[in-house]
Amino acid sequence: MADHLIRATAADGGIRAVGVITTKAVQEARDRHKLSYVATAALGRAMSSGLLLVSNMKKEGSRVNIKIKGNGPLGGLLVDARLDGTVRGYVSNPFVELPPNDKGKLDVGGAVGKEGYLYVVRDMGYGYPYSSTVELISGEVGEDIAHYLGTSEQTPSALLVGVFVGKQGVTASGGILLQVLPKAAEDPQLVETLESRVSQLTGFTPLLRQGKTLPDIFTDLLGDFGLNIFPEIQMVRFDCGCSFDRVLGALKMLGTDELADMIEKDGGAEATCQFCGEVYHANVDHLHDLIEDLKTGNG
């Protein structure tokens with residue numbers, strides 16, 4: 001099944017639902033960063049969450065950044081998700097591994113840490129990003145982002161994200177986001193029923209592993225609320241906009257003295273993109289060209 005995202009409404013538009021499958025994108029992130037099991041789960045949950053958060057933005061070029069900095073051995077993570085369905089991200093310590101938690105699951109909360117902060121930056125494409133910070137409540141990523149939605153955006157929300165990773169790699173990853181919009185939120189019975197149904201789910205990836213599709217999951221949760229699944233299906237993929245030209249632009253900012261020092265001591269320069277792990281090499285000729293550009297005022 002290709003990675004994809006779908007949207008839906010229910011309760012006469014009072015409930016907004018978004019679902020995403022990110023199995024292949026998270027596997028690519030795991031391969032690129034050589035992630036441990038628990039690091040894969042943490043980053044994968046954040047990647048799915050980022051795509052779900054950005055999905056309700058309108059302007060082309062909109063994006064959401066999620067940064068989590070906890071007191072656990074993972075050291076933190078950063079995800080960049082865009083409205084076009086592309087996502088990328090990395091963790092500070094990709095090799096950390098922990099024993100399973102008391103539920104027998106990957107201990108994401110222990111890896112991230114229960115103390116720290118979640119930072120969310122929404123760039124709606126108008127040049128003035130909106131940022132918000134909340135304290136972590138569990139380190140489990142999904143619970144922390146749901147807490148952010150309830151406190152910073154004051155929107156009753158249910159967020160369920162998960163990653164199943166085994167010896168064969170990532171075999172299921174994704175999530176759903178249900179939000180009760182202001183008018184419908186005035187109906188306590190609706191909110192209570194929705195919360196009850198979501199709380200009865202044992203997780204998101206078990207549903208995928210049972211063979212359920214996103215429409216199946218939406219129907220189970222919202223089928224009796226006048227569910228309307230939009231026909232548009234958006235493809236999702238891991239993608240990074242880094243390039244050799246961007247690396248050269250960054251190197252040029254170091255100035256002529258630093259570039260000359262690299263030529264003399266290192267015989268070139270090497271740069272690794274944090275988001276995707278791509279390694280770029282600039283040889284002596286490239287650095288000489290940058291120095292010449294700086295001296296002549298080109299760029």
# chains A, B, ... in the order shown; residues from 1 in each chain; ligands from 1
call {"tool": "select_by_dssp", "arguments": {"residues": "stretch 61-171 of chain A", "states": "strand (DSSP E)", "output": "count of residues only"}}
result
47
call {"tool": "residues_around", "arguments": {"residues": "stretch 125-138 of chain A", "least_positions_apart": "2", "cutoff": "7 Å", "atoms": "only C-alpha atoms", "output": "list of chain:residue names"}}
result
A:Lys59, A:Glu60, A:Gly61, A:Ser62, A:Gly109, A:Lys114, A:Glu115, A:Gly116, A:Tyr117, A:Leu118, A:Tyr119, A:Val120, A:Val121, A:Arg122, A:Asp123, A:Glu140, A:Glu143, A:Asp144, A:Tyr148, A:Ser152
call {"tool": "write_last_selection", "arguments": {"atoms": "N, CA, C and O atoms", "output": "PDB file, in the first residue's frame"}}
result
ATOM      1  N   LYS A  59      -2.769  27.372   2.150  1.00  0.00           N
ATOM      2  CA  LYS A  59      -1.907  28.035   1.171  1.00  0.00           C
ATOM      3  C   LYS A  59      -0.756  27.142   0.725  1.00  0.00           C
ATOM      4  O   LYS A  59      -0.107  26.496   1.549  1.00  0.00           O
ATOM      5  N   GLU A  60      -0.499  27.115  -0.571  1.00  0.00           N
ATOM      6  CA  GLU A  60       0.607  26.339  -1.113  1.00  0.00           C
ATOM      7  C   GLU A  60       1.919  26.762  -0.449  1.00  0.00           C
ATOM      8  O   GLU A  60       2.182  27.942  -0.263  1.00  0.00           O
ATOM      9  N   GLY A  61       2.727  25.786  -0.087  1.00  0.00           N
ATOM     10  CA  GLY A  61       3.989  26.078   0.588  1.00  0.00           C
ATOM     11  C   GLY A  61       3.889  26.030   2.103  1.00  0.00           C
ATOM     12  O   GLY A  61       4.902  26.180   2.799  1.00  0.00           O
ATOM     13  N   SER A  62       2.683  25.822   2.640  1.00  0.00           N
ATOM     14  CA  SER A  62       2.524  25.742   4.095  1.00  0.00           C
ATOM     15  C   SER A  62       3.283  24.538   4.642  1.00  0.00           C
ATOM     16  O   SER A  62       3.410  23.513   3.979  1.00  0.00           O
ATOM     17  N   GLY A 109       8.314   6.716  25.270  1.00  0.00           N
ATOM     18  CA  GLY A 109       8.296   7.694  26.350  1.00  0.00           C
ATOM     19  C   GLY A 109       9.599   7.723  27.123  1.00  0.00           C
ATOM     20  O   GLY A 109      10.093   8.791  27.497  1.00  0.00           O
ATOM     21  N   LYS A 114      10.055  12.142  29.870  1.00  0.00           N
ATOM     22  CA  LYS A 114       8.769  12.707  30.277  1.00  0.00           C
ATOM     23  C   LYS A 114       8.871  14.173  30.672  1.00  0.00           C
ATOM     24  O   LYS A 114       7.845  14.834  30.896  1.00  0.00           O
ATOM     25  N   GLU A 115      10.079  14.698  30.774  1.00  0.00           N
ATOM     26  CA  GLU A 115      10.268  16.110  31.090  1.00  0.00           C
ATOM     27  C   GLU A 115      10.933  16.796  29.913  1.00  0.00           C
ATOM     28  O   GLU A 115      11.900  16.283  29.349  1.00  0.00           O
ATOM     29  N   GLY A 116      10.397  17.927  29.539  1.00  0.00           N
ATOM     30  CA  GLY A 116      10.931  18.667  28.401  1.00  0.00           C
ATOM     31  C   GLY A 116       9.828  19.435  27.712  1.00  0.00           C
ATOM     32  O   GLY A 116       8.774  19.713  28.311  1.00  0.00           O
ATOM     33  N   TYR A 117      10.071  19.767  26.451  1.00  0.00           N
ATOM     34  CA  TYR A 117       9.139  20.645  25.748  1.00  0.00           C
ATOM     35  C   TYR A 117       8.868  20.167  24.328  1.00  0.00           C
ATOM     36  O   TYR A 117       9.728  19.548  23.674  1.00  0.00           O
ATOM     37  N   LEU A 118       7.670  20.473  23.876  1.00  0.00           N
ATOM     38  CA  LEU A 118       7.255  20.269  22.498  1.00  0.00           C
ATOM     39  C   LEU A 118       7.097  21.645  21.862  1.00  0.00           C
ATOM     40  O   LEU A 118       6.393  22.505  22.408  1.00  0.00           O
ATOM     41  N   TYR A 119       7.762  21.843  20.731  1.00  0.00           N
ATOM     42  CA  TYR A 119       7.683  23.100  20.004  1.00  0.00           C
ATOM     43  C   TYR A 119       7.007  22.830  18.649  1.00  0.00           C
ATOM     44  O   TYR A 119       7.427  21.931  17.915  1.00  0.00           O
ATOM     45  N   VAL A 120       5.989  23.592  18.334  1.00  0.00           N
ATOM     46  CA  VAL A 120       5.306  23.456  17.050  1.00  0.00           C
ATOM     47  C   VAL A 120       5.342  24.809  16.341  1.00  0.00           C
ATOM     48  O   VAL A 120       4.941  25.832  16.912  1.00  0.00           O
ATOM     49  N   VAL A 121       5.839  24.811  15.114  1.00  0.00           N
ATOM     50  CA  VAL A 121       5.878  26.025  14.297  1.00  0.00           C
ATOM     51  C   VAL A 121       5.022  25.791  13.064  1.00  0.00           C
ATOM     52  O   VAL A 121       5.271  24.861  12.296  1.00  0.00           O
ATOM     53  N   ARG A 122       4.016  26.622  12.882  1.00  0.00           N
ATOM     54  CA  ARG A 122       3.148  26.553  11.707  1.00  0.00           C
ATOM     55  C   ARG A 122       3.495  27.714  10.777  1.00  0.00           C
ATOM     56  O   ARG A 122       3.311  28.874  11.143  1.00  0.00           O
ATOM     57  N   ASP A 123       3.983  27.408   9.598  1.00  0.00           N
ATOM     58  CA  ASP A 123       4.251  28.412   8.575  1.00  0.00           C
ATOM     59  C   ASP A 123       3.133  28.315   7.548  1.00  0.00           C
ATOM     60  O   ASP A 123       3.085  27.384   6.747  1.00  0.00           O
ATOM     61  N   GLU A 140       5.460  10.284  24.781  1.00  0.00           N
ATOM     62  CA  GLU A 140       4.988   9.288  23.827  1.00  0.00           C
ATOM     63  C   GLU A 140       4.673   9.874  22.448  1.00  0.00           C
ATOM     64  O   GLU A 140       4.188   9.174  21.564  1.00  0.00           O
ATOM     65  N   GLU A 143       0.527  11.546  22.448  1.00  0.00           N
ATOM     66  CA  GLU A 143      -0.152  12.139  23.594  1.00  0.00           C
ATOM     67  C   GLU A 143       0.286  13.588  23.794  1.00  0.00           C
ATOM     68  O   GLU A 143      -0.539  14.447  24.144  1.00  0.00           O
ATOM     69  N   ASP A 144       1.554  13.855  23.568  1.00  0.00           N
ATOM     70  CA  ASP A 144       2.064  15.213  23.747  1.00  0.00           C
ATOM     71  C   ASP A 144       1.501  16.162  22.693  1.00  0.00           C
ATOM     72  O   ASP A 144       1.178  17.318  23.001  1.00  0.00           O
ATOM     73  N   TYR A 148      -0.923  19.393  23.082  1.00  0.00           N
ATOM     74  CA  TYR A 148      -0.672  20.693  22.437  1.00  0.00           C
ATOM     75  C   TYR A 148      -1.941  21.212  21.756  1.00  0.00           C
ATOM     76  O   TYR A 148      -2.305  22.383  21.892  1.00  0.00           O
ATOM     77  N   SER A 152      -2.984  24.696  23.277  1.00  0.00           N
ATOM     78  CA  SER A 152      -2.576  25.849  22.471  1.00  0.00           C
ATOM     79  C   SER A 152      -3.633  26.254  21.461  1.00  0.00           C
ATOM     80  O   SER A 152      -3.851  27.436  21.210  1.00  0.00           O
TER      81      SER A 152
END
call {"tool": "atom_distance", "arguments": {"atom1": "atom CA of A:Phe164", "atom2": "atom CA of A:Gln210"}}
result
12.5 Å
call {"tool": "closest_residue", "arguments": {"among": "A:Thr256, A:Ser92, A:Thr205, A:Gln234", "to": "A:Ser173", "atoms": "only C-alpha atoms"}}
result
A:Thr205
call {"tool": "residues_around", "arguments": {"residues": "A:Gly175", "least_positions_apart": "3", "cutoff": "9 Å", "atoms": "only C-alpha atoms", "output": "PyMOL selection string"}}
result
chain A and resi 18-22+45+48-49+52+159-163+204-205
call {"tool": "residues_around", "arguments": {"residues": "A:Thr23", "least_positions_apart": "6", "cutoff": "7 Å", "atoms": "only C-alpha atoms", "output": "PyMOL selection string"}}
result
chain A and resi 3+170-174
call {"tool": "residues_around", "arguments": {"residues": "A:Phe275", "least_positions_apart": "2", "cutoff": "9 Å", "atoms": "only C-alpha atoms", "output": "ChimeraX atom specification"}}
result
/A:29,33,78-80,88-91,240,242,272-273,277-278
call {"tool": "residues_around", "arguments": {"residues": "A:Asp216", "least_positions_apart": "6", "cutoff": "12 Å", "atoms": "only C-alpha atoms", "output": "list in words"}}
result
Ile6, Gly19, Leu207, Leu208, Gln210, Leu222, Gly223, Leu227 and Ile229 of chain A
call {"tool": "atom_distance", "arguments": {"atom1": "atom CA of A:Asp285", "atom2": "atom CA of A:Met253"}}
result
17.0 Å
call {"tool": "atom_distance", "arguments": {"atom1": "atom CA of A:Asp257", "atom2": "atom CA of A:Gly297"}}
result
15.4 Å
call {"tool": "select_by_dssp", "arguments": {"residues": "stretch 57-136 of chain A", "states": "alpha helix (DSSP H)", "output": "list in words"}}
result
Val108, Gly109, Gly110, Ala111 and Val112 of chain A
call {"tool": "residues_around", "arguments": {"residues": "A:Arg7", "least_positions_apart": "5", "cutoff": "10 Å", "atoms": "only C-alpha atoms", "output": "PyMOL selection string"}}
result
chain A and resi 16-20+52+55-56+176-177+214-215+218+228-234
call {"tool": "closest_residue", "arguments": {"among": "A:Val96, A:Val141, A:Met235, A:Ala158", "to": "A:Val38", "atoms": "only C-alpha atoms"}}
result
A:Val96
